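The next block holds one structure in the form of structure tokens; read it before the comments.
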Amino acid sequence: MSPPTPNRDAVWITGLGAATPLGNTYETVAQNLLEGKSGVGEVTHFDVSKHVCKIVAPIQDVPIPTSCDEAEFRRYDRSEQALLWCATQALKDAGCWERRQETRIGLVLGIGGEWLRTWELDRERGGNKLCNPSEDHRSIPEFLRGRLGLTGPVATVGAACASANYALAQAQSWLALGLADVCLAGSCTMDATRVCLASFGNLGALSKRNHEPQAASRPFDKDRDGFVMGEGGALFVLEPAGPARRRGTRAYAELAGFGASSDASHMVIPSSDPKPAARAMQIALDKAAVNPDEIDYINAHATSTPLGDAAETRALHLVLGDAVRKVPVSSTKSMTGHLLSGAAAVEALFCLIALERQAIPPTINLDNPDPECNLCHVPHQARPQRIRVAVSNSFGFGGSNTCIVLRKVA
């Protein structure tokens, strides 16, 4: 068998599905995002009396896809429900649903601590999957591939908070190599559990502003004291521009560039050296052939931690140079909290909304900007603006730095 022929077409995002603290449909998410609404609230599904942080940004009930039996859907794990909803909506949005079994559709999922969540919830029910792996049920990608009847390659990518950006890059690579005709890529996480909340709380990483949940996530603000955990994610349909154009499919954007690096500094503390994170951004910009002064919007990784936001600011100054004074930057984690392995997917979605609505999402709760985070902020309210190029940073625990560049399709 001869090797696949590389495909030099641009790669378009032609479909999406989302489950987020701001809603579960594109229209709802876009409206709440640009209105600056917060999805953060008190934890109600388990006892948090002994927890340092008692707030999260949850997903409410995940809608049932029209193609799925309600009784069957209710039997699925919440992560499976969210992924199935996102995948179904994305394929339908791209016009791939009816032809999914005759098209080589690849699947790449960003995966973080999903097995830990499975074991934790099983243990609460009296199970023993943690100690006896033979009791474990199907994997998430196996479930989704089988439920959708996909025939292309399947893979998972684990890079903590950067996982979804790696998934998008892997999908783009498969398309370029001709290994798939279309790819479904992204991530979704439901990690707001007792153990996860306690673990990050014990690390001192979470906000203690329990008395005002919607004001707790405050990236770049001088009074920030940690991040708020969130749930959710998004999946995207990626395909080469040529075939997509021939069948008249809409394009949300072109995935124009991806960059990655590792600072290999610390498991959870960002490196004090801004060069590795800046390198990931510079690689993405070079691949997209975009200069700093051509960037119209940056969705920052900024999680609302004292060290992390300042570290990203230094990296942005290094990459942007003089343009740092005029390139708008916001952190939408102020509204959704930090979705961990689902974060990069949801923030890519927010960049698509910015490109489509020609408006920059705000950083809410930015009442007192930290002088160490001296950027061109968009506080409190969305800003209407011409946007052709949007950049999204996602930096994972352990030093996985990623950046994607999304470009509006003419």
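Chain labels follow the order of the structure tokens: the first chain is A, the next B, and so on; residue numbering restarts at 1 in every chain, and ligands are counted from 1 in their shown order.
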Helix (DSSP H, G or I) residues, from DSSP on the backbone, in range 108-228 of chain A, as a PyMOL selection string: chain A and resi 114-124+133-135+140-148+160-177+194-202+213-215
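All residues of protein, DNA or RNA that reach within 12 Å of Thr103 in chain A, judged by only C-alpha atoms and not counting those fewer than 2 positions away in the chain, are A:Leu91, A:Gly95, A:Cys96, A:Trp97, A:Glu98, A:Arg99, A:Arg100, A:Gln101, A:Ile105, A:Gly106, A:Gly149, A:Leu150, A:Thr151, A:Gly152, A:Pro153, A:Leu179, A:Ala180, A:Asp181, A:Val182, A:Cys183, A:Leu184, A:Glu239.
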DSSP-assigned strand (DSSP E or B) among range 86-334 of chain A, expressed as a VMD selection string: chain A and resid 105 to 110 154 to 157 182 to 189 206 221 227 229 to 230 232 to 240 253 to 262 297 to 299 328 to 330
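Straight-line separation from CA of Ser163 in chain A to CA of Ser341 in chain A: 5.6 Å.
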Nearest to Thr189 in chain A, chosen from A:Leu318, A:Ala244, A:Leu339, A:Val378, with only C-alpha atoms counted in the distances: A:Leu339
